[in-house]
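Dropping input-v2.cif in here (mmCIF, C-alpha atoms):
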```cif
data_entry
loop_
_atom_site.group_PDB
_atom_site.id
_atom_site.type_symbol
_atom_site.label_atom_id
_atom_site.label_comp_id
_atom_site.auth_asym_id
_atom_site.auth_seq_id
_atom_site.Cartn_x
_atom_site.Cartn_y
_atom_site.Cartn_z
ATOM 1 C CA MET A 1249 349.903 -52.549 185.186
ATOM 2 C CA GLU A 1250 352.715 -55.010 185.861
ATOM 3 C CA THR A 1251 354.792 -56.569 183.083
ATOM 4 C CA ARG A 1252 357.733 -58.881 183.550
ATOM 5 C CA GLN A 1253 360.292 -59.697 180.914
ATOM 6 C CA ALA A 1254 359.798 -63.031 179.211
ATOM 7 C CA GLN A 1255 362.720 -65.381 179.292
ATOM 8 C CA GLN A 1256 363.375 -67.909 176.577
ATOM 9 C CA GLY A 1257 360.339 -70.172 176.202
ATOM 10 C CA GLU A 1258 358.112 -68.023 178.446
ATOM 11 C CA GLN A 1259 355.242 -65.756 177.569
ATOM 12 C CA LYS A 1260 355.094 -62.150 178.698
ATOM 13 C CA VAL A 1261 352.716 -61.796 181.659
ATOM 14 C CA THR A 1262 350.662 -58.660 182.312
ATOM 15 C CA ILE A 1263 348.531 -58.205 185.410
ATOM 16 C CA GLU A 1264 345.992 -55.391 185.494
ATOM 17 C CA THR A 1265 344.667 -54.470 188.932
ATOM 18 C CA THR A 1266 344.019 -51.508 191.168
ATOM 19 C CA ILE A 1267 346.492 -50.527 193.865
ATOM 20 C CA GLY A 1268 343.800 -51.205 196.468
ATOM 21 C CA ASP A 1269 343.246 -54.765 195.238
ATOM 22 C CA LEU A 1270 347.004 -55.365 195.170
ATOM 23 C CA ILE A 1271 347.440 -54.108 198.732
ATOM 24 C CA GLU A 1272 344.509 -56.243 199.894
ATOM 25 C CA ALA A 1273 345.965 -59.369 198.271
ATOM 26 C CA ILE A 1274 349.434 -58.748 199.750
ATOM 27 C CA THR A 1275 347.916 -58.136 203.179
ATOM 28 C CA ASP A 1276 345.794 -61.312 203.032
ATOM 29 C CA VAL A 1277 348.831 -63.449 202.182
ATOM 30 C CA ALA A 1278 351.008 -61.723 204.788
ATOM 31 C CA LEU A 1279 348.415 -62.227 207.533
ATOM 32 C CA GLN A 1280 348.315 -65.946 206.731
ATOM 33 C CA ALA A 1281 352.123 -66.148 206.742
ATOM 34 C CA GLY A 1282 352.673 -64.213 209.956
ATOM 35 C CA ARG A 1283 352.611 -65.902 213.343
ATOM 36 C CA THR A 1284 350.693 -62.974 214.814
ATOM 37 C CA GLU A 1285 348.473 -60.289 213.332
ATOM 38 C CA ALA A 1286 351.127 -57.669 214.042
ATOM 39 C CA GLU A 1287 353.771 -59.725 212.258
ATOM 40 C CA GLY A 1288 351.439 -60.197 209.292
ATOM 41 C CA TYR A 1289 350.926 -56.467 208.960
ATOM 42 C CA ARG A 1290 354.693 -55.879 209.215
ATOM 43 C CA LEU A 1291 355.255 -58.414 206.418
ATOM 44 C CA ALA A 1292 352.631 -56.676 204.288
ATOM 45 C CA SER A 1293 354.215 -53.296 204.971
ATOM 46 C CA PHE A 1294 357.714 -54.483 204.065
ATOM 47 C CA THR A 1295 356.451 -56.139 200.874
ATOM 48 C CA ILE A 1296 354.510 -53.102 199.686
ATOM 49 C CA GLU A 1297 357.416 -50.792 200.503
ATOM 50 C CA LYS A 1298 359.813 -53.028 198.560
ATOM 51 C CA LEU A 1299 357.538 -53.118 195.508
ATOM 52 C CA LEU A 1300 357.170 -49.351 195.491
ATOM 53 C CA ARG A 1301 360.910 -48.812 195.976
ATOM 54 C CA GLU A 1302 361.753 -51.174 193.091
ATOM 55 C CA LYS A 1303 359.184 -49.482 190.830
ATOM 56 C CA ARG A 1304 360.566 -46.049 191.669
ATOM 57 C CA HIS A 1305 364.144 -47.225 191.044
ATOM 58 C CA LYS A 1306 363.102 -48.686 187.680
ATOM 59 C CA ASP A 1307 361.344 -45.448 186.713
ATOM 60 C CA ILE A 1308 364.411 -43.392 187.646
ATOM 61 C CA MET A 1309 366.741 -45.658 185.676
ATOM 62 C CA GLU A 1310 364.534 -45.422 182.579
ATOM 63 C CA ALA A 1311 364.333 -41.603 182.715
#
```

Show me the file's structure as C-alpha coordinates.
Amino acid sequence: METRQAQQGEQKVTIETTIGDLIEAITDVALQAGRTEAEGYRLASFTIEKLLREKRHKDIMEA
(Lines of atoms letter the chains of each structure in order from A and count residues from 1; the text may use other names and numbers.)
(Lines give C-alpha, C1' and ligand atoms only; values in the text may rest on other atoms or scores of the structure.)
Protein backbone atom coordinates (compact mmCIF):
# COMPACT_ATOMS: atom_id res chain seq x y z
CA MET A 1 0.00 0.00 0.00
CA GLU A 2 1.41 3.38 -1.01
CA THR A 3 0.56 6.59 0.85
CA ARG A 4 1.98 10.01 0.12
CA GLN A 5 1.84 12.95 2.46
CA ALA A 6 -0.83 15.50 1.63
CA GLN A 7 0.34 19.03 1.17
CA GLN A 8 -1.83 22.01 1.95
CA GLY A 9 -5.05 21.79 -0.08
CA GLU A 10 -4.39 18.20 -1.24
CA GLN A 11 -6.04 14.98 -0.22
CA LYS A 12 -4.06 11.99 0.98
CA VAL A 13 -3.77 9.40 -1.81
CA THR A 14 -3.59 5.66 -1.15
CA ILE A 15 -3.01 3.11 -3.90
CA GLU A 16 -3.63 -0.55 -3.16
CA THR A 17 -2.10 -3.01 -5.63
CA THR A 18 -0.04 -6.16 -5.79
CA ILE A 19 3.69 -6.02 -6.42
CA GLY A 20 3.14 -7.97 -9.64
CA ASP A 21 0.63 -5.44 -10.97
CA LEU A 22 2.96 -2.58 -10.03
CA ILE A 23 5.91 -4.18 -11.81
CA GLU A 24 3.76 -4.85 -14.88
CA ALA A 25 2.57 -1.23 -15.00
CA ILE A 26 6.12 0.14 -14.61
CA THR A 27 7.38 -2.21 -17.31
CA ASP A 28 4.59 -1.25 -19.74
CA VAL A 29 5.35 2.46 -19.34
CA ALA A 30 9.12 1.90 -19.57
CA LEU A 31 8.79 -0.15 -22.76
CA GLN A 32 6.79 2.67 -24.35
CA ALA A 33 9.36 5.25 -23.22
CA GLY A 34 12.44 3.34 -24.32
CA ARG A 35 13.80 3.58 -27.84
CA THR A 36 14.50 -0.15 -27.87
CA GLU A 37 13.10 -3.10 -25.94
CA ALA A 38 16.39 -3.47 -24.08
CA GLU A 39 16.34 0.19 -23.07
CA GLY A 40 12.74 -0.15 -21.90
CA TYR A 41 13.63 -3.06 -19.66
CA ARG A 42 16.62 -1.14 -18.27
CA LEU A 43 14.33 1.80 -17.47
CA ALA A 44 11.89 -0.54 -15.74
CA SER A 45 14.72 -2.13 -13.76
CA PHE A 46 16.13 1.21 -12.63
CA THR A 47 12.68 2.46 -11.62
CA ILE A 48 11.79 -0.63 -9.62
CA GLU A 49 15.19 -0.65 -7.93
CA LYS A 50 14.81 3.02 -6.99
CA LEU A 51 11.34 2.47 -5.51
CA LEU A 52 12.54 -0.46 -3.44
CA ARG A 53 15.64 1.41 -2.26
CA GLU A 54 13.55 4.44 -1.20
CA LYS A 55 11.05 2.20 0.62
CA ARG A 56 13.85 0.39 2.44
CA HIS A 57 15.50 3.70 3.40
CA LYS A 58 12.17 5.00 4.72
CA ASP A 59 11.61 1.82 6.74
CA ILE A 60 15.11 2.06 8.25
CA MET A 61 14.65 5.72 9.17
CA GLU A 62 11.33 4.98 10.89
CA ALA A 63 12.75 2.08 12.93

Between CA of Ile1267 (chain A) and CA of Glu1302 (chain A) - distance in Å to one decimal: 15.3 Å

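Here CA of Thr1275 (chain A) stands at a distance of 12.3 Å from CA of Glu1297 (chain A).
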
Enumerate, as a PyMOL selection string, the residues matched when the PyMOL selection byres ((chain A and resi 1274) around 10) is run on the file above. chain A and resi 1268-1273+1275-1279+1288-1289+1291-1293+1295-1296

In Å to one decimal, how far is CA of Gln1280 (chain A) from CA of Lys1260 (chain A)? 29.1 Å

What are the centre and the three edge lengths of an axis-aligned box that wraps all atoms of region 1290-1300 of chain A in the file, given that 4 Å is added to every side, written as lines of an AutoDock Vina configuration file and rounded to one decimal in Å?
```
center_x = 356.2
center_y = -53.9
center_z = 202.4
size_x = 15.2
size_y = 17.1
size_z = 21.7
```

N, CA and C atoms modelled onto region 1295-1308 of chain A, as a JSON list (two decimals), keeping the file's coordinate frame:
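Heads up, here's the output in part12.json:
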```json
[["chain", "number", "residue", "atom", "x", "y", "z"],
["A", 1295, "THR", "N", 356.64, -55.70, 202.26],
["A", 1295, "THR", "CA", 356.45, -56.14, 200.87],
["A", 1295, "THR", "C", 356.00, -54.98, 199.99],
["A", 1296, "ILE", "N", 355.02, -54.23, 200.46],
["A", 1296, "ILE", "CA", 354.51, -53.10, 199.69],
["A", 1296, "ILE", "C", 355.59, -52.04, 199.51],
["A", 1297, "GLU", "N", 356.33, -51.77, 200.58],
["A", 1297, "GLU", "CA", 357.42, -50.79, 200.50],
["A", 1297, "GLU", "C", 358.47, -51.23, 199.50],
["A", 1298, "LYS", "N", 358.81, -52.51, 199.49],
["A", 1298, "LYS", "CA", 359.81, -53.03, 198.56],
["A", 1298, "LYS", "C", 359.33, -52.90, 197.11],
["A", 1299, "LEU", "N", 358.08, -53.24, 196.86],
["A", 1299, "LEU", "CA", 357.54, -53.12, 195.51],
["A", 1299, "LEU", "C", 357.57, -51.68, 195.02],
["A", 1300, "LEU", "N", 357.18, -50.76, 195.88],
["A", 1300, "LEU", "CA", 357.17, -49.35, 195.49],
["A", 1300, "LEU", "C", 358.58, -48.83, 195.27],
["A", 1301, "ARG", "N", 359.52, -49.25, 196.12],
["A", 1301, "ARG", "CA", 360.91, -48.81, 195.98],
["A", 1301, "ARG", "C", 361.50, -49.32, 194.66],
["A", 1302, "GLU", "N", 361.24, -50.59, 194.34],
["A", 1302, "GLU", "CA", 361.75, -51.17, 193.09],
["A", 1302, "GLU", "C", 361.15, -50.48, 191.88],
["A", 1303, "LYS", "N", 359.85, -50.17, 191.93],
["A", 1303, "LYS", "CA", 359.18, -49.48, 190.83],
["A", 1303, "LYS", "C", 359.78, -48.10, 190.65],
["A", 1304, "ARG", "N", 359.99, -47.39, 191.75],
["A", 1304, "ARG", "CA", 360.57, -46.05, 191.67],
["A", 1304, "ARG", "C", 361.98, -46.11, 191.10],
["A", 1305, "HIS", "N", 362.78, -47.07, 191.55],
["A", 1305, "HIS", "CA", 364.14, -47.22, 191.04],
["A", 1305, "HIS", "C", 364.12, -47.49, 189.54],
["A", 1306, "LYS", "N", 363.22, -48.37, 189.10],
["A", 1306, "LYS", "CA", 363.10, -48.69, 187.68],
["A", 1306, "LYS", "C", 362.72, -47.44, 186.88],
["A", 1307, "ASP", "N", 361.76, -46.67, 187.40],
["A", 1307, "ASP", "CA", 361.34, -45.45, 186.71],
["A", 1307, "ASP", "C", 362.49, -44.45, 186.61],
["A", 1308, "ILE", "N", 363.28, -44.32, 187.66],
["A", 1308, "ILE", "CA", 364.41, -43.39, 187.65],
["A", 1308, "ILE", "C", 365.47, -43.83, 186.63]]
```
